[in-house]
Amino acid sequence: METTIFTSISQFLGLKMDFGVFIGLLLDGFGFTVGIFFITLIGSLPLGILVALARMSKIKPLSFIMGIYISFMRGTPLMLQLMFFMFAPYYLFGMPLGADWKFYACGIGFILNYAAYFAEIYRSGIQSIPRGQYEAAEVLGYTNTQTFMKIVLPQVIKRILPAMGNEIIMLVKDTSLAYVLTIAEMFSAAKALAAKEVSMVPYVVAALIYWAACLIIEFFLNKIEKKLNYYHD
């Protein structure tokens with residue numbers, strides 16, 4: 001019965017391949033997409049906070065270096081950055097690169113790129129907190145760390161959540177750039193299937209999967225935003 005359904009769908013879409021196999025190949029690629037997505041978030045969200053704090057530091061050389069880093073990462077294409085991290089160790093230092101290096105290069109490239117964007121979002125949120133709150137916390141005996149973690153950061157998270165949500169959704173789509181490193185994420189799988197089937201259907205189905213992933217993320221972000229509504233500006 002299941003085979004008959006898949007065969008019928010394949011015929012309807014004009015595919016030579018069984019639809020079950022077709023979807024399986026796309027979902028295998030989507031597994032790499034999800035992996036890139038979570039590795040980037042796990043690395044770039046905390047790194048972005050450190051970069052933002054360094055950018056706001058009163059130590060001028062540190063602030064300047066972080067400003068250059070943010071400017072470079074935001075001002076050059078992510079695709080070129082991925083290629084740089086892929087090939088720079090060999091061409092600059094003569095380091096031998098194994099077959100798995102492309103995955104490390106992909107992770108490094110995405111994390112450093114998105115940390116720069118997140119850093120600017122964090123910085124805008126931190127600077128939006130009235131100075132009086134820092135002074136009040138100091139009067140109450142809070143340390144700088146306690147003030148930041150218990151008073152400032154919860155308010156910052158609420159204020160920056162919409163902007164962070166936009167970047168996180170953008171990340172879902174940007175994972176397709178991993179194809180330049182020959183990583184078989186979903187866009188690469190769709191591209192290969194489109195060439196094999198001589199059809200646009202793989203691209204359409206891949207687009208729907210990307211869209212569904214973005215809708216799920218948007219749903220959870222909205223839930224988080226509602227839970228944070230107890231903070232009033």
# chains A, B, ... in the order shown; residues from 1 in each chain; ligands from 1

call {"tool": "residues_around", "arguments": {"residues": "stretch 45-51 of chain A", "least_positions_apart": "6", "cutoff": "12 Å", "atoms": "only C-alpha atoms", "output": "PyMOL selection string"}}
result
chain A and resi 37-39+57+62-70+108+110-126+148-149+153+156-157+164+167-168

call {"tool": "residues_around", "arguments": {"residues": "A:Tyr203", "least_positions_apart": "6", "cutoff": "12 Å", "atoms": "only C-alpha atoms", "output": "PyMOL selection string"}}
result
chain A and resi 22-23+26+176+186-195+197+209-210

call {"tool": "write_last_selection", "arguments": {"atoms": "N, CA, C and O atoms", "output": "PDB file, in the first residue's frame"}}
result
ATOM      1  N   PHE A  22      13.219   9.405  -2.777  1.00  0.00           N
ATOM      2  CA  PHE A  22      13.439  10.832  -3.059  1.00  0.00           C
ATOM      3  C   PHE A  22      13.418  11.650  -1.753  1.00  0.00           C
ATOM      4  O   PHE A  22      14.336  12.430  -1.456  1.00  0.00           O
ATOM      5  N   ILE A  23      12.374  11.466  -0.955  1.00  0.00           N
ATOM      6  CA  ILE A  23      12.254  12.188   0.317  1.00  0.00           C
ATOM      7  C   ILE A  23      13.356  11.763   1.281  1.00  0.00           C
ATOM      8  O   ILE A  23      13.915  12.587   2.021  1.00  0.00           O
ATOM      9  N   LEU A  26      16.519  13.654   0.541  1.00  0.00           N
ATOM     10  CA  LEU A  26      16.421  15.044   0.985  1.00  0.00           C
ATOM     11  C   LEU A  26      16.526  15.146   2.512  1.00  0.00           C
ATOM     12  O   LEU A  26      17.189  16.045   3.034  1.00  0.00           O
ATOM     13  N   SER A 176      22.579  26.398   3.563  1.00  0.00           N
ATOM     14  CA  SER A 176      22.727  25.910   2.190  1.00  0.00           C
ATOM     15  C   SER A 176      24.082  26.289   1.598  1.00  0.00           C
ATOM     16  O   SER A 176      24.538  25.656   0.640  1.00  0.00           O
ATOM     17  N   MET A 186      21.046  19.708   2.666  1.00  0.00           N
ATOM     18  CA  MET A 186      19.824  19.508   1.886  1.00  0.00           C
ATOM     19  C   MET A 186      19.863  20.190   0.513  1.00  0.00           C
ATOM     20  O   MET A 186      19.372  19.635  -0.467  1.00  0.00           O
ATOM     21  N   PHE A 187      20.437  21.386   0.432  1.00  0.00           N
ATOM     22  CA  PHE A 187      20.490  22.051  -0.859  1.00  0.00           C
ATOM     23  C   PHE A 187      21.328  21.251  -1.848  1.00  0.00           C
ATOM     24  O   PHE A 187      20.973  21.132  -3.030  1.00  0.00           O
ATOM     25  N   SER A 188      22.451  20.689  -1.375  1.00  0.00           N
ATOM     26  CA  SER A 188      23.288  19.851  -2.246  1.00  0.00           C
ATOM     27  C   SER A 188      22.517  18.628  -2.723  1.00  0.00           C
ATOM     28  O   SER A 188      22.611  18.234  -3.882  1.00  0.00           O
ATOM     29  N   ALA A 189      21.744  18.023  -1.788  1.00  0.00           N
ATOM     30  CA  ALA A 189      20.936  16.860  -2.158  1.00  0.00           C
ATOM     31  C   ALA A 189      19.887  17.241  -3.191  1.00  0.00           C
ATOM     32  O   ALA A 189      19.669  16.516  -4.177  1.00  0.00           O
ATOM     33  N   ALA A 190      19.240  18.393  -3.001  1.00  0.00           N
ATOM     34  CA  ALA A 190      18.223  18.852  -3.953  1.00  0.00           C
ATOM     35  C   ALA A 190      18.842  19.140  -5.307  1.00  0.00           C
ATOM     36  O   ALA A 190      18.254  18.823  -6.350  1.00  0.00           O
ATOM     37  N   LYS A 191      20.024  19.723  -5.307  1.00  0.00           N
ATOM     38  CA  LYS A 191      20.721  20.039  -6.558  1.00  0.00           C
ATOM     39  C   LYS A 191      21.060  18.762  -7.332  1.00  0.00           C
ATOM     40  O   LYS A 191      20.864  18.689  -8.552  1.00  0.00           O
ATOM     41  N   ALA A 192      21.560  17.753  -6.620  1.00  0.00           N
ATOM     42  CA  ALA A 192      21.895  16.483  -7.262  1.00  0.00           C
ATOM     43  C   ALA A 192      20.645  15.792  -7.797  1.00  0.00           C
ATOM     44  O   ALA A 192      20.651  15.245  -8.914  1.00  0.00           O
ATOM     45  N   LEU A 193      19.563  15.821  -7.020  1.00  0.00           N
ATOM     46  CA  LEU A 193      18.309  15.196  -7.459  1.00  0.00           C
ATOM     47  C   LEU A 193      17.704  15.935  -8.648  1.00  0.00           C
ATOM     48  O   LEU A 193      17.167  15.303  -9.568  1.00  0.00           O
ATOM     49  N   ALA A 194      17.809  17.252  -8.647  1.00  0.00           N
ATOM     50  CA  ALA A 194      17.277  18.035  -9.764  1.00  0.00           C
ATOM     51  C   ALA A 194      18.011  17.705 -11.048  1.00  0.00           C
ATOM     52  O   ALA A 194      17.405  17.607 -12.131  1.00  0.00           O
ATOM     53  N   ALA A 195      19.333  17.517 -10.951  1.00  0.00           N
ATOM     54  CA  ALA A 195      20.119  17.168 -12.132  1.00  0.00           C
ATOM     55  C   ALA A 195      19.768  15.766 -12.622  1.00  0.00           C
ATOM     56  O   ALA A 195      19.671  15.521 -13.837  1.00  0.00           O
ATOM     57  N   GLU A 197      16.894  14.083 -12.053  1.00  0.00           N
ATOM     58  CA  GLU A 197      15.499  13.994 -12.486  1.00  0.00           C
ATOM     59  C   GLU A 197      15.176  14.954 -13.631  1.00  0.00           C
ATOM     60  O   GLU A 197      14.116  14.833 -14.251  1.00  0.00           O
ATOM     61  N   ILE A 209      10.563  22.286   2.844  1.00  0.00           N
ATOM     62  CA  ILE A 209      11.162  21.780   4.083  1.00  0.00           C
ATOM     63  C   ILE A 209      11.842  22.921   4.841  1.00  0.00           C
ATOM     64  O   ILE A 209      11.709  23.042   6.066  1.00  0.00           O
ATOM     65  N   TYR A 210      12.588  23.779   4.108  1.00  0.00           N
ATOM     66  CA  TYR A 210      13.202  24.953   4.743  1.00  0.00           C
ATOM     67  C   TYR A 210      12.122  25.821   5.398  1.00  0.00           C
ATOM     68  O   TYR A 210      12.276  26.300   6.520  1.00  0.00           O
TER      69      TYR A 210
END

call {"tool": "select_by_dssp", "arguments": {"residues": "stretch 42-215 of chain A", "states": "helix (DSSP H, G or I)", "output": "count of residues only"}}
result
147

call {"tool": "decode", "arguments": {"residues": "stretch 126-139 of chain A", "atoms": "all heavy atoms", "output": "short mmCIF file (atom, residue, chain, number, x, y, z; two decimals), in the first residue's frame"}}
result
data_model
loop_
_atom_site.label_atom_id
_atom_site.label_comp_id
_atom_site.auth_asym_id
_atom_site.auth_seq_id
_atom_site.Cartn_x
_atom_site.Cartn_y
_atom_site.Cartn_z
N ILE A 126 22.29 45.71 25.35
CA ILE A 126 22.94 46.11 26.60
C ILE A 126 22.96 47.63 26.74
O ILE A 126 22.68 48.17 27.82
CB ILE A 126 24.38 45.55 26.64
CG1 ILE A 126 24.35 44.02 26.75
CG2 ILE A 126 25.15 46.14 27.82
CD1 ILE A 126 25.70 43.36 26.57
N GLN A 127 23.24 48.32 25.65
CA GLN A 127 23.31 49.78 25.71
C GLN A 127 21.94 50.43 25.86
O GLN A 127 21.86 51.61 26.19
CB GLN A 127 24.02 50.31 24.45
CG GLN A 127 25.50 49.96 24.42
CD GLN A 127 26.21 50.45 23.17
OE1 GLN A 127 25.57 50.68 22.13
NE2 GLN A 127 27.51 50.63 23.25
N SER A 128 20.89 49.66 25.62
CA SER A 128 19.53 50.22 25.77
C SER A 128 19.05 50.21 27.22
O SER A 128 18.03 50.82 27.53
CB SER A 128 18.54 49.42 24.90
OG SER A 128 18.31 48.12 25.44
N ILE A 129 19.78 49.52 28.10
CA ILE A 129 19.40 49.46 29.51
C ILE A 129 19.81 50.78 30.19
O ILE A 129 20.97 51.20 30.09
CB ILE A 129 20.08 48.28 30.22
CG1 ILE A 129 19.75 46.95 29.51
CG2 ILE A 129 19.66 48.22 31.68
CD1 ILE A 129 18.28 46.62 29.48
N PRO A 130 18.89 51.45 30.85
CA PRO A 130 19.21 52.74 31.51
C PRO A 130 20.36 52.60 32.50
O PRO A 130 20.44 51.61 33.24
CB PRO A 130 17.91 53.10 32.23
CG PRO A 130 16.84 52.37 31.49
CD PRO A 130 17.47 51.09 31.03
N ARG A 131 21.23 53.58 32.52
CA ARG A 131 22.38 53.57 33.41
C ARG A 131 21.96 53.52 34.88
O ARG A 131 22.68 52.98 35.74
CB ARG A 131 23.23 54.82 33.14
CG ARG A 131 24.53 54.88 33.95
CD ARG A 131 25.44 53.73 33.57
NE ARG A 131 26.53 53.56 34.54
CZ ARG A 131 27.35 52.53 34.56
NH1 ARG A 131 27.20 51.55 33.68
NH2 ARG A 131 28.30 52.45 35.46
N GLY A 132 20.78 54.07 35.19
CA GLY A 132 20.31 54.09 36.56
C GLY A 132 20.18 52.71 37.17
O GLY A 132 20.31 52.55 38.40
N GLN A 133 19.90 51.69 36.34
CA GLN A 133 19.77 50.33 36.87
C GLN A 133 21.11 49.80 37.37
O GLN A 133 21.17 49.07 38.36
CB GLN A 133 19.19 49.41 35.80
CG GLN A 133 17.77 49.78 35.41
CD GLN A 133 17.07 48.67 34.65
OE1 GLN A 133 17.41 47.50 34.78
NE2 GLN A 133 16.08 49.03 33.86
N TYR A 134 22.19 50.15 36.68
CA TYR A 134 23.52 49.74 37.13
C TYR A 134 23.85 50.42 38.46
O TYR A 134 24.39 49.79 39.38
CB TYR A 134 24.58 50.14 36.09
CG TYR A 134 24.48 49.39 34.79
CD1 TYR A 134 23.73 49.89 33.73
CD2 TYR A 134 25.18 48.20 34.59
CE1 TYR A 134 23.66 49.21 32.52
CE2 TYR A 134 25.11 47.51 33.38
CZ TYR A 134 24.34 48.03 32.35
OH TYR A 134 24.27 47.36 31.16
N GLU A 135 23.51 51.71 38.56
CA GLU A 135 23.80 52.46 39.77
C GLU A 135 22.98 51.94 40.95
O GLU A 135 23.48 51.84 42.08
CB GLU A 135 23.52 53.94 39.53
CG GLU A 135 24.45 54.55 38.47
CD GLU A 135 24.03 55.94 38.06
OE1 GLU A 135 22.92 56.37 38.47
OE2 GLU A 135 24.79 56.59 37.31
N ALA A 136 21.70 51.60 40.70
CA ALA A 136 20.85 51.06 41.75
C ALA A 136 21.38 49.72 42.24
O ALA A 136 21.38 49.44 43.45
CB ALA A 136 19.42 50.91 41.25
N ALA A 137 21.84 48.88 41.31
CA ALA A 137 22.39 47.57 41.69
C ALA A 137 23.66 47.74 42.52
O ALA A 137 23.91 46.98 43.46
CB ALA A 137 22.68 46.75 40.42
N GLU A 138 24.46 48.74 42.18
CA GLU A 138 25.70 48.99 42.93
C GLU A 138 25.37 49.41 44.35
O GLU A 138 26.03 48.99 45.31
CB GLU A 138 26.50 50.08 42.22
CG GLU A 138 27.86 50.33 42.84
CD GLU A 138 28.67 51.36 42.08
OE1 GLU A 138 28.19 51.85 41.03
OE2 GLU A 138 29.79 51.68 42.53
N VAL A 139 24.34 50.25 44.51
CA VAL A 139 23.91 50.68 45.84
C VAL A 139 23.45 49.49 46.68
O VAL A 139 23.69 49.42 47.90
CB VAL A 139 22.78 51.73 45.74
CG1 VAL A 139 22.17 52.01 47.10
CG2 VAL A 139 23.31 53.02 45.11
#
